[in-house]
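Peer 1: First the structure, then my questions, so here it is.
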Amino acid sequence: MTRKTVIAATMTLIAILVAALSGAVPAAAAPPAAAKVATGYSHTCAVRAEGSLWCWGGNYSGQLGDGTVTSRTAPARVGTATWTSVDGGTSFNCGIRTEGTLWCWGSNSRGQLGDGTTARKTAPVQVGTSGGWASVSAGDSHTCAVRTEGTLWCWGFNRFGQLGDGAAVYTATTPLQVGTATSWASVTAGYAHTCASRTDGTLWCWGDSSMGQLGLGILSYRTTPDQVGTATNWTGVTAGYLNTCGVRADGSLWCWGENGYGQLGVSGTYQSAPVAVGAGATWSSVTAGFDTVCATRTDGSLWCWGNNASGQVGDGTTTHRFAPTRVGTATTWTGNASAGHHNCGFRTDATLWCWGNNDSAQVGDGTTTARPAPVQVALPS
């Protein structure tokens with residue numbers, strides 16, 4: 001799950017665009033593609049700048065989207081369509097094509113693919129029939145997406161109210177609208193919780209908060225969106241397993257929720273309200289995985305912390321880190337990154353690098369050897 005990449009500049013742009021729109025929008029095409037990467041539990045998918053989609057690693061649920069359940073040790077292209085984005089859930093993916101349509105594939109036991117069934121799909125299936133989708137986030141067994149007119153929709157498992165519908169259903173196999181607001185800018189789906197930002201810079205969360213991951217100061221749950229604090233300068237948010245992190249317009253980074261591995265970037269136990277990470281630093285993006293978080297600074301450096309059992313912090317060790325730890329010396333990380341038990345990120349020269357757990361060849365270097373430091377992935381030209 002994602003494992004959710006949040007790029008402050010991109011989210012701000014989306015917010016501006018959504019705020020400028022009024023009324024219903026027809027099946028609009030999505031914006032031009034930029035390189036994107038998504039990591040699931042044991043697989044990876046990436047969209048290249050020209051729009052081609054590639055996946056590799058474990059494929060037991062068809063999450064590679066190539067029509068099989070055969071694992072891949074190197075990137076394999078998913079069809080011939082062009083894509084603008086992709087996001088990885090635990091064992092499924094969803095992505096948006098250049099014409100604005102939304103597609104999902106892989107595990108579907110809770111209806112998280114949104115196609116009206118609970119049967120796994122080994123190739124992409126369309127969610128609904130319309131275009132006009134702006135962004136999508138895949139969690140463990142639920143999915144949420146924002147449309148270009150600013151409405152928010154969720155589907156899949158709803159045991160803790162993570163669909164934001166007041167827990168009216170236990171599962172939903174097709175999209176349900178979250179409230180009636182038309183001002184949503186971004187969304188991120190965690191294990192059993194969801195958070196989203198609005199065009200006014202406010203942040204809202206709902207679902208499971210047993211470890212404080214909603215940031216509301218509670219250890220229970222919410223079945224409809226509830227505002228996190230009073231700040232109005234949130235530019236992005238990313239939900240991990242039982243934790244959440246977000247970036248504000250002033251460059252500050254905040255995390256909350258479970259902290260057993262140091263995934264909040266501070267010492268101590270869980271936090272039920274946002275705490276500042278790396279005071280004095282200027283952060284531009286953040287992505288949270290299962291128990292690991294990575295973030296980029298405005299100088300292009302990359303920093304990770306939290307669970308490091310498989311080397312996913314990327315510092316060459318397997319020591320858990322309770323504070324941001326720099327990944328190498330490069331200053332060319334773009335912020336297009338994804339964190340989990342393995343992490344991946346693009347650099348400004350369009351090269352893709354991955355590290356961490358590699359039991360299913362999800363790092364993409366043709367081996368199943370864990371990588372405690374970034375290795376380059378050979379994406380076919």
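Ordering of the structure tokens sets the chain letters (A, B, ...); residue numbers start at 1 within each chain; ligands are numbered from 1 in the order shown.
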Find the spatial neighbours of Asn59 in chain A, counting only C-alpha atoms, within a cut-off of 8 Å - ignore same-chain residues fewer than 2 positions away - and output them as a CSV table (one decimal) with N, CA, C and O atoms, in the first residue's frame.

Peer 2:
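Resulting contents of selection.csv:
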chain,number,residue,atom,x,y,z
A,43,HIS,N,5.5,-6.3,-5.3
A,43,HIS,CA,5.5,-6.0,-6.7
A,43,HIS,C,5.7,-4.5,-6.9
A,43,HIS,O,5.6,-3.7,-6.0
A,56,TRP,N,6.5,-5.5,-12.4
A,56,TRP,CA,7.4,-6.7,-12.1
A,56,TRP,C,7.3,-7.1,-10.7
A,56,TRP,O,6.8,-6.4,-9.9
A,57,GLY,N,7.9,-8.3,-10.4
A,57,GLY,CA,7.8,-8.9,-9.0
A,57,GLY,C,6.8,-9.9,-8.9
A,57,GLY,O,6.5,-10.7,-9.8
A,61,SER,N,-1.7,-12.7,-7.5
A,61,SER,CA,-3.0,-12.2,-7.7
A,61,SER,C,-3.3,-11.6,-9.0
A,61,SER,O,-4.3,-10.9,-9.2
A,62,GLY,N,-2.3,-11.7,-9.9
A,62,GLY,CA,-2.4,-11.0,-11.2
A,62,GLY,C,-2.1,-9.5,-11.2
A,62,GLY,O,-2.5,-8.8,-12.1
A,63,GLN,N,-1.4,-9.1,-10.1
A,63,GLN,CA,-1.1,-7.7,-9.9
A,63,GLN,C,-0.2,-7.1,-10.9
A,63,GLN,O,0.0,-5.8,-11.0
A,64,LEU,N,0.5,-7.9,-11.7
A,64,LEU,CA,1.4,-7.4,-12.8
A,64,LEU,C,0.6,-7.0,-14.0
A,64,LEU,O,1.1,-6.3,-14.9
A,68,THR,N,-1.5,-13.0,-16.6
A,68,THR,CA,-1.0,-14.2,-16.0
A,68,THR,C,-0.9,-14.1,-14.5
A,68,THR,O,-1.1,-13.0,-14.0
A,69,VAL,N,-0.5,-15.2,-13.9
A,69,VAL,CA,-0.1,-15.1,-12.5
A,69,VAL,C,1.4,-15.5,-12.3
A,69,VAL,O,1.8,-16.0,-11.3
A,70,THR,N,2.2,-15.3,-13.4
A,70,THR,CA,3.6,-15.6,-13.4
A,70,THR,C,4.4,-14.4,-12.9
A,70,THR,O,4.2,-13.3,-13.5
A,71,SER,N,5.2,-14.6,-11.9
A,71,SER,CA,6.1,-13.6,-11.4
A,71,SER,C,7.1,-13.1,-12.5
A,71,SER,O,7.5,-13.9,-13.3
A,72,ARG,N,7.6,-11.9,-12.3
A,72,ARG,CA,8.6,-11.4,-13.3
A,72,ARG,C,9.8,-10.8,-12.5
A,72,ARG,O,9.6,-10.1,-11.6

Peer 1: Taking the DSSP assignment computed from this structure's backbone, write out as a list in words all residues of range 26-74 of chain A that belong to strand (DSSP E).

Peer 2: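 Here are the strand (DSSP E) residues of range 26-74 of chain A: Lys36, Val37, Ala38, Thr39, His43, Thr44, Cys45, Ala46, Val47, Leu53, Trp54, Cys55, Trp56, Gly57, Arg72, Thr73 and Ala74 of chain A.
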
Peer 1: With all heavy atoms retained, could you export that selection as a tab-separated table (two decimals), in the first residue's frame?

Peer 2:
chain	number	residue	atom	x	y	z
A	36	LYS	N	6.06	7.97	-12.98
A	36	LYS	CA	5.46	7.63	-11.69
A	36	LYS	C	5.89	6.21	-11.32
A	36	LYS	O	6.09	5.36	-12.19
A	36	LYS	CB	3.93	7.66	-11.77
A	36	LYS	CG	3.33	9.00	-12.17
A	36	LYS	CD	3.43	10.02	-11.07
A	36	LYS	CE	2.53	11.24	-11.35
A	36	LYS	NZ	2.76	11.86	-12.66
A	37	VAL	N	6.01	5.92	-10.03
A	37	VAL	CA	6.32	4.58	-9.57
A	37	VAL	C	5.42	4.23	-8.40
A	37	VAL	O	5.04	5.10	-7.61
A	37	VAL	CB	7.81	4.45	-9.18
A	37	VAL	CG1	8.16	5.34	-7.99
A	37	VAL	CG2	8.19	3.00	-8.92
A	38	ALA	N	5.04	2.95	-8.29
A	38	ALA	CA	4.17	2.47	-7.22
A	38	ALA	C	4.68	1.14	-6.72
A	38	ALA	O	5.05	0.27	-7.52
A	38	ALA	CB	2.74	2.32	-7.73
A	39	THR	N	4.72	0.96	-5.40
A	39	THR	CA	5.18	-0.30	-4.81
A	39	THR	C	4.05	-0.93	-4.01
A	39	THR	O	3.38	-0.26	-3.22
A	39	THR	CB	6.38	-0.08	-3.89
A	39	THR	OG1	6.06	0.90	-2.89
A	39	THR	CG2	7.59	0.40	-4.68
A	43	HIS	N	5.46	-6.31	-5.32
A	43	HIS	CA	5.52	-5.97	-6.74
A	43	HIS	C	5.75	-4.48	-6.90
A	43	HIS	O	5.60	-3.69	-5.96
A	43	HIS	CB	4.24	-6.40	-7.47
A	43	HIS	CG	3.06	-5.53	-7.17
A	43	HIS	ND1	2.34	-5.64	-6.00
A	43	HIS	CD2	2.47	-4.54	-7.88
A	43	HIS	CE1	1.35	-4.76	-6.01
A	43	HIS	NE2	1.40	-4.08	-7.14
A	44	THR	N	6.11	-4.11	-8.12
A	44	THR	CA	6.35	-2.72	-8.46
A	44	THR	C	5.76	-2.43	-9.83
A	44	THR	O	5.80	-3.28	-10.72
A	44	THR	CB	7.87	-2.41	-8.51
A	44	THR	OG1	8.48	-2.86	-7.30
A	44	THR	CG2	8.13	-0.93	-8.70
A	45	CYS	N	5.23	-1.23	-10.01
A	45	CYS	CA	4.77	-0.77	-11.32
A	45	CYS	C	5.29	0.65	-11.54
A	45	CYS	O	5.43	1.42	-10.58
A	45	CYS	CB	3.24	-0.77	-11.42
A	45	CYS	SG	2.49	-2.42	-11.42
A	46	ALA	N	5.55	0.99	-12.78
A	46	ALA	CA	6.05	2.32	-13.09
A	46	ALA	C	5.48	2.79	-14.41
A	46	ALA	O	5.35	2.02	-15.36
A	46	ALA	CB	7.57	2.34	-13.13
A	47	VAL	N	5.14	4.07	-14.47
A	47	VAL	CA	4.74	4.72	-15.71
A	47	VAL	C	5.90	5.57	-16.18
A	47	VAL	O	6.39	6.43	-15.43
A	47	VAL	CB	3.49	5.60	-15.51
A	47	VAL	CG1	3.17	6.39	-16.79
A	47	VAL	CG2	2.29	4.76	-15.10
A	53	LEU	N	3.30	1.66	-19.32
A	53	LEU	CA	3.19	1.11	-17.97
A	53	LEU	C	3.93	-0.21	-17.90
A	53	LEU	O	3.73	-1.08	-18.75
A	53	LEU	CB	1.72	0.92	-17.60
A	53	LEU	CG	1.43	0.21	-16.27
A	53	LEU	CD1	1.98	1.00	-15.09
A	53	LEU	CD2	-0.08	-0.01	-16.12
A	54	TRP	N	4.75	-0.38	-16.86
A	54	TRP	CA	5.57	-1.57	-16.68
A	54	TRP	C	5.41	-2.08	-15.25
A	54	TRP	O	5.35	-1.30	-14.31
A	54	TRP	CB	7.04	-1.25	-16.94
A	54	TRP	CG	7.29	-0.66	-18.30
A	54	TRP	CD1	7.05	0.62	-18.71
A	54	TRP	CD2	7.81	-1.35	-19.44
A	54	TRP	NE1	7.38	0.78	-20.03
A	54	TRP	CE2	7.85	-0.41	-20.52
A	54	TRP	CE3	8.24	-2.66	-19.67
A	54	TRP	CZ2	8.31	-0.75	-21.78
A	54	TRP	CZ3	8.70	-3.00	-20.94
A	54	TRP	CH2	8.74	-2.05	-21.98
A	55	CYS	N	5.33	-3.42	-15.09
A	55	CYS	CA	5.22	-4.01	-13.76
A	55	CYS	C	6.16	-5.21	-13.63
A	55	CYS	O	6.49	-5.85	-14.63
A	55	CYS	CB	3.79	-4.46	-13.47
A	55	CYS	SG	2.58	-3.12	-13.36
A	56	TRP	N	6.55	-5.55	-12.39
A	56	TRP	CA	7.42	-6.69	-12.15
A	56	TRP	C	7.33	-7.11	-10.68
A	56	TRP	O	6.79	-6.40	-9.85
A	56	TRP	CB	8.86	-6.36	-12.53
A	56	TRP	CG	9.48	-5.20	-11.78
A	56	TRP	CD1	10.27	-5.25	-10.68
A	56	TRP	CD2	9.37	-3.80	-12.13
A	56	TRP	NE1	10.65	-3.98	-10.30
A	56	TRP	CE2	10.13	-3.08	-11.17
A	56	TRP	CE3	8.72	-3.11	-13.15
A	56	TRP	CZ2	10.24	-1.69	-11.21
A	56	TRP	CZ3	8.83	-1.72	-13.18
A	56	TRP	CH2	9.58	-1.03	-12.22
A	57	GLY	N	7.85	-8.32	-10.39
A	57	GLY	CA	7.83	-8.86	-9.04
A	57	GLY	C	6.79	-9.95	-8.88
A	57	GLY	O	6.49	-10.68	-9.83
A	72	ARG	N	7.60	-11.91	-12.34
A	72	ARG	CA	8.56	-11.36	-13.29
A	72	ARG	C	9.76	-10.80	-12.54
A	72	ARG	O	9.59	-10.05	-11.57
A	72	ARG	CB	7.93	-10.24	-14.13
A	72	ARG	CG	6.65	-10.63	-14.84
A	72	ARG	CD	6.89	-11.53	-16.03
A	72	ARG	NE	5.65	-11.85	-16.73
A	72	ARG	CZ	5.59	-12.65	-17.78
A	72	ARG	NH1	6.70	-13.20	-18.26
A	72	ARG	NH2	4.42	-12.91	-18.36
A	73	THR	N	10.97	-11.14	-12.99
A	73	THR	CA	12.17	-10.62	-12.35
A	73	THR	C	12.66	-9.33	-12.97
A	73	THR	O	13.61	-8.72	-12.50
A	73	THR	CB	13.31	-11.66	-12.40
A	73	THR	OG1	13.63	-11.94	-13.77
A	73	THR	CG2	12.91	-12.94	-11.69
A	74	ALA	N	12.00	-8.90	-14.04
A	74	ALA	CA	12.37	-7.67	-14.71
A	74	ALA	C	11.09	-7.01	-15.23
A	74	ALA	O	10.07	-7.67	-15.40
A	74	ALA	CB	13.34	-7.94	-15.87

Peer 1: Using only C-alpha atoms, pick whichever of A:Ala373, A:Ala323, A:Ile96, A:Cys205 has the shortest atom-to-atom distance to Ser267 in chain A.

Peer 2: A:Ala323

Peer 1: Near range 274-286 of chain A, within 7 Å and counting only C-alpha atoms, which residues show up once chain neighbours fewer than 6 positions away are dropped, as a ChimeraX atom specification?

Peer 2: /A:5-8,215,238,246-247,251-256,265-266,294-298,335

Peer 1: Those residues with N, CA, C and O atoms, as a tab-separated table (two decimals), in the first residue's frame please?

Peer 2:
chain	number	residue	atom	x	y	z
A	5	THR	N	2.96	8.02	-2.79
A	5	THR	CA	3.80	9.14	-3.16
A	5	THR	C	3.00	10.42	-3.17
A	5	THR	O	1.98	10.51	-3.81
A	6	VAL	N	3.46	11.38	-2.50
A	6	VAL	CA	2.77	12.66	-2.45
A	6	VAL	C	3.75	13.72	-2.87
A	6	VAL	O	4.77	13.91	-2.25
A	7	ILE	N	3.44	14.41	-3.93
A	7	ILE	CA	4.34	15.42	-4.47
A	7	ILE	C	3.69	16.78	-4.26
A	7	ILE	O	2.65	17.08	-4.85
A	8	ALA	N	4.28	17.58	-3.40
A	8	ALA	CA	3.64	18.82	-3.00
A	8	ALA	C	3.32	19.71	-4.18
A	8	ALA	O	2.22	20.26	-4.30
A	215	GLY	N	-4.92	11.26	13.16
A	215	GLY	CA	-4.41	12.57	13.58
A	215	GLY	C	-5.43	13.42	14.30
A	215	GLY	O	-5.26	14.64	14.43
A	238	THR	N	0.05	11.31	2.81
A	238	THR	CA	0.30	9.93	2.43
A	238	THR	C	-0.01	9.02	3.61
A	238	THR	O	0.42	9.28	4.74
A	246	GLY	N	2.22	14.14	6.25
A	246	GLY	CA	1.80	15.17	5.31
A	246	GLY	C	2.78	16.31	5.25
A	246	GLY	O	3.55	16.55	6.20
A	247	VAL	N	2.78	17.02	4.14
A	247	VAL	CA	3.64	18.18	3.93
A	247	VAL	C	2.76	19.43	3.86
A	247	VAL	O	1.67	19.41	3.29
A	251	GLY	N	6.85	24.00	3.85
A	251	GLY	CA	7.95	23.05	3.79
A	251	GLY	C	8.10	22.18	5.01
A	251	GLY	O	9.02	21.36	5.09
A	252	SER	N	7.20	22.32	5.97
A	252	SER	CA	7.27	21.47	7.17
A	252	SER	C	6.65	20.11	6.89
A	252	SER	O	5.76	19.97	6.06
A	253	LEU	N	7.14	19.11	7.61
A	253	LEU	CA	6.68	17.72	7.46
A	253	LEU	C	6.14	17.24	8.80
A	253	LEU	O	6.76	17.46	9.84
A	254	TRP	N	4.99	16.57	8.75
A	254	TRP	CA	4.31	16.13	9.96
A	254	TRP	C	3.91	14.67	9.81
A	254	TRP	O	3.48	14.24	8.75
A	255	CYS	N	4.03	13.89	10.90
A	255	CYS	CA	3.62	12.48	10.89
A	255	CYS	C	2.85	12.17	12.16
A	255	CYS	O	3.00	12.84	13.19
A	256	TRP	N	2.03	11.12	12.10
A	256	TRP	CA	1.26	10.70	13.27
A	256	TRP	C	0.83	9.24	13.11
A	256	TRP	O	0.86	8.68	12.01
A	265	GLY	N	9.44	9.31	12.42
A	265	GLY	CA	10.62	10.17	12.32
A	265	GLY	C	11.01	10.84	13.61
A	265	GLY	O	11.85	11.75	13.63
A	266	VAL	N	10.42	10.39	14.71
A	266	VAL	CA	10.73	10.90	16.04
A	266	VAL	C	10.79	9.72	17.00
A	266	VAL	O	10.30	8.63	16.70
A	294	CYS	N	9.59	7.69	3.32
A	294	CYS	CA	10.65	8.39	2.60
A	294	CYS	C	10.15	9.77	2.20
A	294	CYS	O	8.96	9.94	1.91
A	295	ALA	N	11.05	10.74	2.18
A	295	ALA	CA	10.67	12.10	1.82
A	295	ALA	C	11.83	12.80	1.12
A	295	ALA	O	12.99	12.51	1.38
A	296	THR	N	11.48	13.70	0.21
A	296	THR	CA	12.50	14.50	-0.47
A	296	THR	C	12.48	15.91	0.08
A	296	THR	O	11.44	16.42	0.51
A	297	ARG	N	13.66	16.53	0.02
A	297	ARG	CA	13.77	17.93	0.39
A	297	ARG	C	13.88	18.79	-0.87
A	297	ARG	O	14.09	18.28	-1.96
A	298	THR	N	13.78	20.08	-0.69
A	298	THR	CA	13.81	20.98	-1.84
A	298	THR	C	15.17	21.00	-2.53
A	298	THR	O	15.26	21.44	-3.67
A	335	GLY	N	11.01	13.28	-6.24
A	335	GLY	CA	9.81	13.22	-5.42
A	335	GLY	C	8.82	12.19	-5.92
A	335	GLY	O	7.87	11.85	-5.22

Peer 1: Have a look at A:Gly314, A:Gly79, A:Gly229, A:Gly212 and name the one nearest to Leu264 in chain A; count only C-alpha atoms.

Peer 2: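 The closest residue to Leu264 in chain A is A:Gly212.
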
Peer 1: Can you tell me, as an mmCIF file with all heavy atoms, in the first residue's frame, what residues are no more than 8 Å from Leu203 in chain A when counting only C-alpha atoms, ignoring any on the same chain fewer than 2 positions away?

Peer 2:
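Heads up, here's the output in result-v1.cif:
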data_model
loop_
_atom_site.group_PDB
_atom_site.id
_atom_site.type_symbol
_atom_site.label_atom_id
_atom_site.label_comp_id
_atom_site.auth_asym_id
_atom_site.auth_seq_id
_atom_site.Cartn_x
_atom_site.Cartn_y
_atom_site.Cartn_z
ATOM 1 N N CYS A 195 -7.139 9.467 4.092
ATOM 2 C CA CYS A 195 -7.002 10.900 4.325
ATOM 3 C C CYS A 195 -7.051 11.622 2.983
ATOM 4 O O CYS A 195 -6.662 11.063 1.949
ATOM 5 C CB CYS A 195 -5.692 11.233 5.037
ATOM 6 S SG CYS A 195 -5.580 10.620 6.743
ATOM 7 N N ALA A 196 -7.512 12.849 2.996
ATOM 8 C CA ALA A 196 -7.609 13.625 1.759
ATOM 9 C C ALA A 196 -7.499 15.108 2.074
ATOM 10 O O ALA A 196 -7.892 15.564 3.151
ATOM 11 C CB ALA A 196 -8.930 13.329 1.044
ATOM 12 N N SER A 197 -6.949 15.847 1.114
ATOM 13 C CA SER A 197 -6.856 17.300 1.255
ATOM 14 C C SER A 197 -7.891 17.963 0.360
ATOM 15 O O SER A 197 -8.316 17.402 -0.657
ATOM 16 C CB SER A 197 -5.454 17.793 0.903
ATOM 17 O OG SER A 197 -5.162 17.520 -0.462
ATOM 18 N N ARG A 198 -8.301 19.165 0.741
ATOM 19 C CA ARG A 198 -9.234 19.953 -0.055
ATOM 20 C C ARG A 198 -8.511 21.149 -0.672
ATOM 21 O O ARG A 198 -7.382 21.481 -0.299
ATOM 22 C CB ARG A 198 -10.421 20.425 0.803
ATOM 23 C CG ARG A 198 -11.355 19.284 1.193
ATOM 24 C CD ARG A 198 -12.603 19.794 1.894
ATOM 25 N NE ARG A 198 -13.523 18.706 2.186
ATOM 26 C CZ ARG A 198 -14.640 18.839 2.896
ATOM 27 N NH1 ARG A 198 -14.979 20.028 3.388
ATOM 28 N NH2 ARG A 198 -15.426 17.802 3.121
ATOM 29 N N GLY A 201 -6.815 23.830 1.371
ATOM 30 C CA GLY A 201 -5.640 23.490 2.164
ATOM 31 C C GLY A 201 -5.928 22.760 3.445
ATOM 32 O O GLY A 201 -5.000 22.476 4.224
ATOM 33 N N CYS A 205 -9.428 13.163 7.583
ATOM 34 C CA CYS A 205 -9.133 11.733 7.664
ATOM 35 C C CYS A 205 -10.336 10.978 8.230
ATOM 36 O O CYS A 205 -11.176 11.552 8.942
ATOM 37 C CB CYS A 205 -7.913 11.480 8.556
ATOM 38 S SG CYS A 205 -6.343 12.105 7.888
ATOM 39 N N GLN A 227 -11.919 16.796 10.136
ATOM 40 C CA GLN A 227 -10.771 17.653 9.855
ATOM 41 C C GLN A 227 -9.648 17.449 10.860
ATOM 42 O O GLN A 227 -9.878 17.330 12.069
ATOM 43 C CB GLN A 227 -11.187 19.124 9.850
ATOM 44 C CG GLN A 227 -10.063 20.052 9.381
ATOM 45 C CD GLN A 227 -10.510 21.498 9.219
ATOM 46 O OE1 GLN A 227 -11.705 21.792 9.224
ATOM 47 N NE2 GLN A 227 -9.557 22.397 9.076
ATOM 48 N N VAL A 228 -8.425 17.416 10.343
ATOM 49 C CA VAL A 228 -7.217 17.267 11.166
ATOM 50 C C VAL A 228 -6.727 18.658 11.540
ATOM 51 O O VAL A 228 -6.193 19.390 10.693
ATOM 52 C CB VAL A 228 -6.123 16.503 10.411
ATOM 53 C CG1 VAL A 228 -4.877 16.367 11.291
ATOM 54 C CG2 VAL A 228 -6.630 15.140 9.969
ATOM 55 N N GLY A 229 -6.907 19.042 12.777
ATOM 56 C CA GLY A 229 -6.469 20.351 13.220
ATOM 57 C C GLY A 229 -7.175 21.475 12.488
ATOM 58 O O GLY A 229 -8.280 21.311 11.945
ATOM 59 N N ALA A 231 -5.122 23.754 10.421
ATOM 60 C CA ALA A 231 -4.209 24.273 9.397
ATOM 61 C C ALA A 231 -4.887 24.286 8.033
ATOM 62 O O ALA A 231 -5.678 23.395 7.699
ATOM 63 C CB ALA A 231 -2.938 23.441 9.350
ATOM 64 N N THR A 232 -4.563 25.285 7.247
ATOM 65 C CA THR A 232 -5.117 25.409 5.901
ATOM 66 C C THR A 232 -4.016 25.499 4.846
ATOM 67 O O THR A 232 -4.204 26.098 3.793
ATOM 68 C CB THR A 232 -6.007 26.668 5.805
ATOM 69 O OG1 THR A 232 -5.223 27.826 6.148
ATOM 70 C CG2 THR A 232 -7.203 26.563 6.728
ATOM 71 N N TRP A 234 -2.016 22.505 4.002
ATOM 72 C CA TRP A 234 -1.573 21.168 3.621
ATOM 73 C C TRP A 234 -1.509 21.076 2.095
ATOM 74 O O TRP A 234 -2.439 21.460 1.395
ATOM 75 C CB TRP A 234 -2.527 20.108 4.148
ATOM 76 C CG TRP A 234 -2.557 20.003 5.642
ATOM 77 C CD1 TRP A 234 -3.471 20.570 6.488
ATOM 78 C CD2 TRP A 234 -1.630 19.301 6.482
ATOM 79 N NE1 TRP A 234 -3.171 20.255 7.795
ATOM 80 C CE2 TRP A 234 -2.047 19.473 7.823
ATOM 81 C CE3 TRP A 234 -0.495 18.525 6.217
ATOM 82 C CZ2 TRP A 234 -1.366 18.918 8.902
ATOM 83 C CZ3 TRP A 234 0.181 17.962 7.300
ATOM 84 C CH2 TRP A 234 -0.242 18.159 8.614
#

Peer 1: Have a look at CA of Gly116 in chain A and CA of Thr174 in chain A and let me know their distance in Å, one decimal.

Peer 2: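 CA of Thr174 in chain A lies at a distance of 5.2 Å from CA of Gly116 in chain A.
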
Peer 1: Looking at A:Pro175, A:Ser91, A:Ser183, A:Phe160, which one is nearest to Gly114 in chain A, with distances taken over only C-alpha atoms?

Peer 2: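 So, comparing all the options, the nearest one is A:Pro175.
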
Peer 1: With only C-alpha atoms as the basis for distance, which of A:Gly95, A:Gly345, A:Pro124, A:Gly236 is at the shortest distance from Ala35 in chain A?

Peer 2: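 Answer, going by the shortest atom-to-atom distance: A:Gly345.
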
Peer 1: Which polymer residues have any atom within 9 Å of an atom of Gly161 in chain A, counting only C-alpha atoms, with same-chain residues fewer than 6 positions away left out, as number ranges by chain?

Peer 2: A: 167-170, 192-193, 206-208, 221-224

Peer 1: Between A:Gly217, A:Pro374, A:Gly257, A:Gly58, which is the closest to Gln312 in chain A once you count only C-alpha atoms?

Peer 2: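 The shortest atom-to-atom distance to Gln312 in chain A comes from A:Pro374.
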
Peer 1: Could you produce a table of the residues of range 248-349 of chain A lying within 12 Å of range 356-363 of chain A, with the nearest pair of atoms per residue and their separation in Å rounded to one decimal, using only C-alpha atoms, ordered by chain and increasing residue number, as CSV?

Peer 2:
residue,atom,partner,partner_atom,distance
A:Gly289,CA,A:Gly356,CA,11.9
A:Thr292,CA,A:Gly356,CA,10.6
A:Cys304,CA,A:Gly356,CA,11.6
A:Asn307,CA,A:Gly356,CA,10.4
A:Asn308,CA,A:Gly356,CA,8.0
A:Ala309,CA,A:Asn357,CA,8.4
A:Ser310,CA,A:Asn357,CA,4.9
A:Gly311,CA,A:Gly356,CA,4.6
A:Gln312,CA,A:Gly356,CA,3.9
A:Val313,CA,A:Gly356,CA,7.4
A:Gly314,CA,A:Gly356,CA,6.9
A:Asp315,CA,A:Gly356,CA,10.1
A:Gly316,CA,A:Gly356,CA,9.6
A:Thr317,CA,A:Gly356,CA,10.1
A:Thr318,CA,A:Gly356,CA,9.3
A:Ser338,CA,A:Gly356,CA,11.9
A:Ala339,CA,A:Gly356,CA,9.7
A:Gly340,CA,A:Gly356,CA,8.6
A:His341,CA,A:Asn357,CA,5.7
A:His342,CA,A:Gly356,CA,4.3
A:Asn343,CA,A:Gly356,CA,6.3
A:Cys344,CA,A:Val363,CA,7.9
A:Gly345,CA,A:Val363,CA,11.1

Peer 1: Just the number, please: distance in Å from CA of Leu379 in chain A to CA of Arg77 in chain A, one decimal.

Peer 2: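 Rounded to one decimal, the two atoms are 9.7 Å apart.
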
Peer 1: At a cut-off of 9 Å, using only C-alpha atoms, what residues contact Cys104 in chain A? Leave out same-chain residues fewer than 4 positions from it and give the result as a ChimeraX atom specification.

Peer 2: /A:65,92-96,112-115,121,123-127

Peer 1: Please provide as JSON, numbers by chain all residues within 8 Å of range 130-147 of chain A, with the sequence filter that same-chain residues fewer than 2 positions apart are discarded (counting only C-alpha atoms).

Peer 2: {"A": [1, 2, 4, 25, 26, 27, 28, 29, 30, 85, 86, 87, 88, 89, 90, 91, 92, 93, 94, 95, 96, 99, 100, 101, 102, 108, 109, 110, 111, 112, 113, 128, 149, 150, 151, 152, 153, 154, 155, 156, 157, 158, 162, 163, 184, 185, 186, 187, 188, 189, 190, 191, 192]}

Peer 1: Of the candidates A:Gly106, A:Trp83, A:Thr182, A:Val78, which one gets nearest to Tyr60 in chain A if we count only C-alpha atoms?

Peer 2: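 Using only C-alpha atoms, the shortest distance to Tyr60 in chain A belongs to A:Gly106.
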
Peer 1: Mind giving me the straight-line distance from CA of Ala288 in chain A to CA of Ala239 in chain A in Å, one decimal?

Peer 2: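 Going from CA of Ala288 in chain A over to CA of Ala239 in chain A, I get 5.9 Å.
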